[in-house]
Structures are given as C-alpha cells and as structure tokens.
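Down below is the structure, laid out as structure tokens.
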Amino acid sequence: MSVYAHPTKRGWQMIKIFHGRKNPAEYIPFDGSREDALALEAEIRGTIDRTDPGFGDLLPEFKIAYRNRTSKRGYEVLENSFRHLMAYFGQFKMRHIVSSLIEQYKAKRLQEGVKRRTINIELSGLSAYITWLNETTGSKFQRPKRFGKRETAPPLPRPLSVPEMVRVIHCLKEDIKAMVEIMAMCGLRRDETFNLKVFDYDHESRTLNVRNGKGGKDRRVPVSSADLCLRLQAMALKRLKEAEEKAEKEKEKINFSELLLFPSPRTGRRYTDIRKSILAAAKEAGVAKHIHPHLLRHSFATALLNDGADIRVIQELLGHSELATTQIYTQVADVSKRGATDSLAAMFSGGAANVALVKKD
C-alpha cells in the first residue's frame, strides 16, 4: 500500500492508496495541506504510535472521518477551530492535555478578546477529536470542560422596528423580498421559508401551511398583507405553469406537491442563504443594526408584544412547544419599551428645563 498527496487542477488534495498491482487504487478526498497528507501516510504506514500520539499525529485521519459525517459549513467551523487549537496544543502529546492546560488555553483566548461562546466552539472541536481518539484507539483521554450556559448566554437581540423592517423590505426585489416579508410579517424561520411548497399557500384562507418546522411540528400561519397574498398566489401559479411546460417538453413526470415556492434562480433547488442580500438592503436602507434572517422573526414577535398581543397567541404563531421559549421575547420587548420611555423622559426633561427658563425670565 502506498499513500501520497495528489494535487488536482482544482488545487485540493486526494489521497491515493494502492492495494497492489492487480487491485484498483482507492482515492479519498482530502482537504488538508501536503504536510497533513504526509502525516496521514505515516500514520497509515504504522510509523505513529497510536497508544501515545502527539496532538497532531492522528488529526488528518480524524478530519477525514469528521468531514464524511458533517456538512460543509460544519467542517469549515472545525478547520477554523483547529487553526487555534493546533497553534497552542501542537507541541504536546495527547496525554499532556489535561484540565489545567485547557484552562490556560481558555485564559489565553480570553486575553486575546475572544468571546466565551467562540472558545466553546473551539473546545467542542477538541472534544469531538478526543471522543474519536477514544473510540478508535481505545484511549481514555478526558474531554475539555467548557464554559457554562450562564457564562455564554447570548446577548438579547436588538430587533428591528417596524419602520426599519419596511425600509429594508423596500430595498429588496422579487422572491427574496417575498421571503423577507414572510419572515418579518408571519414569523417563519429561515429554513421554514426556504422549504415552502407551492401548495403550502392557501389563497382562499390566506394562510401558509408550515410543514416540519422545528421539532417536526406543523402549523398554519395567517398572511395579513393583501399585497403579499396576491404576489404569493402569482408565484405559485407561475411555478406550476413552469413545471407543466417542463413536464410536457421533457416528457417526464413531476411531483407537483414538492415544487418549491421559492426555488433558487441559479440552481433551481432551495435557497441556502440570503444573508448577503439582506445586508445589502439594510445598508441601502440606512439600518446600522446587525441584521440576519432570524432577527426578522425576533422583530416580528417583539412588534406583536409591543402592540399588546397575547403571548400565547404569539407562541402559536411562532410554533413554540413551551411558553418559556416565547417569554424570551418579553425581555426584548421590555428593552424596546424602556428605550421608548427613556426617549419620552428626555423630551419631558427638555420641556421642564424650558419651563424653568421661562419662569426665571
């Protein structure tokens, strides 16, 4: 058996394994450097002591295994985490990586200004590596202790006001505009919006049937905007017409019930992300807040609470199983109300100062 790194025209690597002259060679995709590939070759040849490995000795093999069972984005996160982990732990044997050394790593990253949540992501990658080592080599290395939930609680979201959402939506076009309106005015999650089928919109009842939401739950959500309803109906009819023409032209059967309401114009399949379009629209609209698709859902719930809607109704609209999940939005709404009353207090203070000046004169 022979192993080597083989660069291709795309610039990425392949591991080629020979199984003798009479047997076909085996190719394994490998997204590491040549040094990583050579380290893997050394490991396969048996030159690495698997009972007492260095931190990076079995890392290439782990990355291949991890890449085969995760998404592209998940693998990118792992690669980014190990850039920092390798820089710190690369000189150590795995048996040296104990709790005291991990605490030193956490302290060093905090000094560099890295957030606890980000450090936890890096330690999750290390934990996955150690778990894989224990399973494949029979070792008993201890997994790292991460920061607790209280230490890594995410900050409360800064929801968009209704005027801000209107300005952002105004700067969008066609399908992306409709998707953002659905998230902002109906409270759908990003993937729930991407997965909508043409028959999920019922124009007669003006509702969206959200299938297989988070937790596998279905729910019906009203669409109150008459303009959006008309555009959704036109989109659904357009998708059906295009599918019928394609079926007639190519003489193939099409499952109309699986037609996406919002197929990507580039691939014809579901969208994967629209963050760039939303960021560009926010910049054009002059909205300086950190904006992302899920913030539209936060903004939807906060706007309803600020308008006096019952929290249990909001729970149903959002598809939450537990009321406690919905109650996080009451904190956001309280912050929004505090901002509004602070502004009012400032206006009153200004008015009181003016009155005092008048009396003095």
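Scheme for the structure tokens: letters A, B, ... for chains in order shown; per-chain residue numbers from 1; ligand numbers from 1 in order shown.
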Identify, with DSSP run on backbone atoms, the residues in segment 57-217 of chain A assigned to helix (DSSP H, G or I), and express the list as JSON, numbers by chain. {"A": [59, 60, 61, 62, 63, 64, 65, 66, 67, 72, 73, 74, 75, 76, 77, 78, 79, 80, 81, 82, 83, 84, 85, 86, 87, 88, 89, 94, 95, 96, 99, 100, 101, 102, 103, 104, 105, 106, 107, 108, 109, 110, 111, 116, 117, 118, 119, 120, 121, 122, 123, 124, 125, 126, 127, 128, 129, 130, 131, 132, 133, 134, 135, 136, 137, 162, 163, 164, 165, 166, 167, 168, 169, 170, 174, 175, 176, 177, 178, 179, 180, 181, 182, 183, 184, 185, 186, 190, 191, 192, 193, 194, 198, 199, 200, 214, 215, 216]}
Emit the selected residues as a short mmCIF file (atom, residue, chain, number, x, y, z; two decimals), in the first residue's frame, including C-alpha atoms.
```cif
data_model
loop_
_atom_site.label_atom_id
_atom_site.label_comp_id
_atom_site.auth_asym_id
_atom_site.auth_seq_id
_atom_site.Cartn_x
_atom_site.Cartn_y
_atom_site.Cartn_z
CA LEU A 59 -5.59 14.82 13.26
CA PRO A 60 -5.64 14.31 9.44
CA GLU A 61 -7.36 10.94 9.85
CA PHE A 62 -9.91 12.48 12.23
CA LYS A 63 -10.63 15.31 9.78
CA ILE A 64 -11.44 12.83 7.01
CA ALA A 65 -13.81 10.93 9.31
CA TYR A 66 -15.42 14.17 10.51
CA ARG A 67 -15.83 15.53 7.01
CA LYS A 72 -19.58 21.70 4.54
CA ARG A 73 -20.20 24.56 6.95
CA GLY A 74 -19.62 22.29 9.96
CA TYR A 75 -16.29 21.19 8.54
CA GLU A 76 -15.25 24.81 7.90
CA VAL A 77 -16.01 25.64 11.55
CA LEU A 78 -13.90 22.66 12.67
CA GLU A 79 -10.98 23.71 10.44
CA ASN A 80 -11.09 27.24 11.82
CA SER A 81 -11.18 25.94 15.41
CA PHE A 82 -8.17 23.68 14.87
CA ARG A 83 -6.10 26.55 13.49
CA HIS A 84 -6.12 27.96 17.02
CA LEU A 85 -6.02 24.62 18.83
CA MET A 86 -3.05 23.38 16.81
CA ALA A 87 -1.12 26.60 17.40
CA TYR A 88 -1.41 26.07 21.17
CA PHE A 89 -1.53 22.29 21.68
CA MET A 94 -2.41 13.98 23.90
CA ARG A 95 -1.75 12.69 27.42
CA HIS A 96 -0.45 16.16 28.36
CA SER A 99 -7.76 20.30 32.60
CA SER A 100 -5.05 22.70 33.81
CA LEU A 101 -3.62 23.09 30.29
CA ILE A 102 -7.09 23.61 28.84
CA GLU A 103 -7.80 26.32 31.44
CA GLN A 104 -4.59 28.05 30.33
CA TYR A 105 -5.80 27.90 26.73
CA LYS A 106 -9.15 29.42 27.71
CA ALA A 107 -7.41 32.21 29.65
CA LYS A 108 -5.11 32.96 26.71
CA ARG A 109 -8.01 33.18 24.26
CA LEU A 110 -9.94 35.46 26.64
CA GLN A 111 -6.92 37.76 26.86
CA ARG A 116 -16.60 32.65 25.55
CA ARG A 117 -19.11 31.29 23.03
CA THR A 118 -16.39 31.17 20.36
CA ILE A 119 -13.98 29.43 22.73
CA ASN A 120 -16.70 26.87 23.46
CA ILE A 121 -16.99 26.14 19.73
CA GLU A 122 -13.24 25.53 19.58
CA LEU A 123 -13.39 23.25 22.65
CA SER A 124 -16.29 21.38 21.04
CA GLY A 125 -13.96 20.57 18.13
CA LEU A 126 -11.32 19.37 20.59
CA SER A 127 -13.96 17.30 22.38
CA ALA A 128 -15.00 15.66 19.09
CA TYR A 129 -11.35 14.85 18.35
CA ILE A 130 -10.82 13.29 21.78
CA THR A 131 -14.06 11.29 21.53
CA TRP A 132 -12.95 9.95 18.14
CA LEU A 133 -9.50 9.04 19.55
CA ASN A 134 -11.06 7.19 22.47
CA GLU A 135 -13.34 5.25 20.13
CA THR A 136 -10.69 4.34 17.55
CA THR A 137 -7.59 3.79 19.69
CA VAL A 162 -41.49 48.22 12.04
CA PRO A 163 -40.28 51.29 10.09
CA GLU A 164 -36.79 49.74 9.84
CA MET A 165 -38.23 46.47 8.50
CA VAL A 166 -40.33 48.39 5.97
CA ARG A 167 -37.25 50.27 4.74
CA VAL A 168 -35.21 47.06 4.37
CA ILE A 169 -38.03 45.25 2.54
CA HIS A 170 -38.46 48.22 0.18
CA GLU A 174 -38.81 39.63 -6.28
CA ASP A 175 -38.50 36.29 -4.44
CA ILE A 176 -36.09 37.50 -1.75
CA LYS A 177 -38.40 40.40 -0.97
CA ALA A 178 -41.34 37.98 -0.54
CA MET A 179 -39.28 35.66 1.67
CA VAL A 180 -38.18 38.51 3.92
CA GLU A 181 -41.78 39.73 4.17
CA ILE A 182 -42.89 36.24 5.23
CA MET A 183 -40.23 36.12 7.96
CA ALA A 184 -41.00 39.68 9.11
CA MET A 185 -44.82 39.56 8.94
CA CYS A 186 -45.52 35.88 9.64
CA ARG A 190 -35.36 30.98 7.56
CA ASP A 191 -35.43 27.28 6.64
CA GLU A 192 -39.20 27.11 7.06
CA THR A 193 -39.44 29.86 4.44
CA PHE A 194 -36.95 28.19 2.11
CA VAL A 198 -46.45 25.91 -3.94
CA PHE A 199 -49.44 24.21 -2.28
CA ASP A 200 -48.41 25.39 1.19
CA LYS A 214 -38.53 22.88 14.32
CA GLY A 215 -39.24 19.67 16.22
CA GLY A 216 -41.17 18.26 13.25
#
```
For segment 241-255 of chain A, list every protein, DNA or RNA residue within 12 Å, evaluated using only C-alpha atoms, and leave out those in the same chain fewer than 4 positions away; present the list as a compact mmCIF listing (two decimals) with C-alpha atoms, in the first residue's frame.
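In the end it all went to out-v5.txt:
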```txt
# COMPACT_ATOMS: atom_id res chain seq x y z
CA LYS A 197 -44.01 24.42 -1.43
CA VAL A 198 -46.45 25.91 -3.94
CA PHE A 199 -49.44 24.21 -2.28
CA ALA A 234 -48.96 34.75 -8.65
CA MET A 235 -45.72 33.00 -7.68
CA ALA A 236 -47.45 29.70 -7.01
CA LEU A 237 -49.28 29.81 -10.35
CA LEU A 259 -42.48 22.14 -6.12
CA LEU A 260 -40.70 24.86 -4.15
CA LEU A 261 -42.45 28.20 -3.87
CA PRO A 263 -36.52 27.94 -5.93
CA GLY A 268 -33.39 25.51 -9.25
```
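For the choices A:Leu296, A:Leu196, A:Val210, A:Leu188, the atom-to-atom distance to Pro159 of chain A is smallest for A:Leu296 when using only C-alpha atoms.
In the backbone-derived DSSP annotation, strand (DSSP E) within segment 151-312 of chain A comprises Tyr201, Asp202, Thr207, Leu208, Asn209, Val210, Arg219, Arg220, Val221 and Pro222 of chain A.
A straight line drawn from atom CA of Gly213 of chain A to atom CA of Ser321 of chain A is 11.2 Å long.
Using only C-alpha atoms, the shortest contact distance between Ser139 of chain A and any of A:His294, A:Arg50, A:Arg211, A:Arg239 is found at A:Arg50.
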Excluding His320 of chain A and its own-chain neighbours fewer than 4 positions away, which residues fall within 10 Å of it when counting only C-alpha atoms? Please give them as a PyMOL selection string. chain A and resi 213-215+217+312+314-316+324-326
Output file for the residues above (C-alpha atoms, as an mmCIF file, in the first residue's frame):
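Below is the file that was written, part.cif:
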```cif
data_model
loop_
_atom_site.group_PDB
_atom_site.id
_atom_site.type_symbol
_atom_site.label_atom_id
_atom_site.label_comp_id
_atom_site.auth_asym_id
_atom_site.auth_seq_id
_atom_site.Cartn_x
_atom_site.Cartn_y
_atom_site.Cartn_z
ATOM 1 C CA GLY A 213 -40.989 23.095 11.462
ATOM 2 C CA LYS A 214 -38.532 22.882 14.319
ATOM 3 C CA GLY A 215 -39.237 19.674 16.217
ATOM 4 C CA LYS A 217 -44.286 20.291 14.097
ATOM 5 C CA ARG A 312 -49.990 32.577 23.952
ATOM 6 C CA ILE A 314 -47.545 34.615 19.695
ATOM 7 C CA GLN A 315 -46.492 31.178 20.960
ATOM 8 C CA GLU A 316 -48.856 29.536 18.451
ATOM 9 C CA ALA A 324 -40.993 29.684 28.358
ATOM 10 C CA THR A 325 -39.347 29.782 24.922
ATOM 11 C CA THR A 326 -41.654 32.590 23.843
#
```
For Arg206 of chain A, work out the shell of residues within 9 Å, counting only C-alpha atoms and skipping chain neighbours fewer than 2 positions away, then give it as number ranges by chain. A: 201-204, 208, 221-224, 226, 229
Limited to C-alpha atoms, could you put the picked residues into a file as a short mmCIF file (atom, residue, chain, number, x, y, z; two decimals), in the first residue's frame?
```cif
data_model
loop_
_atom_site.label_atom_id
_atom_site.label_comp_id
_atom_site.auth_asym_id
_atom_site.auth_seq_id
_atom_site.Cartn_x
_atom_site.Cartn_y
_atom_site.Cartn_z
CA TYR A 201 -50.00 28.75 0.42
CA ASP A 202 -53.83 28.70 0.50
CA HIS A 203 -55.12 31.84 -1.17
CA GLU A 204 -58.73 31.20 -0.15
CA LEU A 208 -49.31 29.44 4.98
CA VAL A 221 -49.90 30.99 9.88
CA PRO A 222 -52.13 33.80 8.55
CA VAL A 223 -50.85 36.18 5.87
CA SER A 224 -52.47 39.52 6.59
CA ALA A 226 -53.23 41.76 0.83
CA CYS A 229 -51.12 37.42 -0.71
#
```
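Note that atom CA of Thr267 of chain A and atom CA of Ala280 of chain A are 21.6 Å apart.
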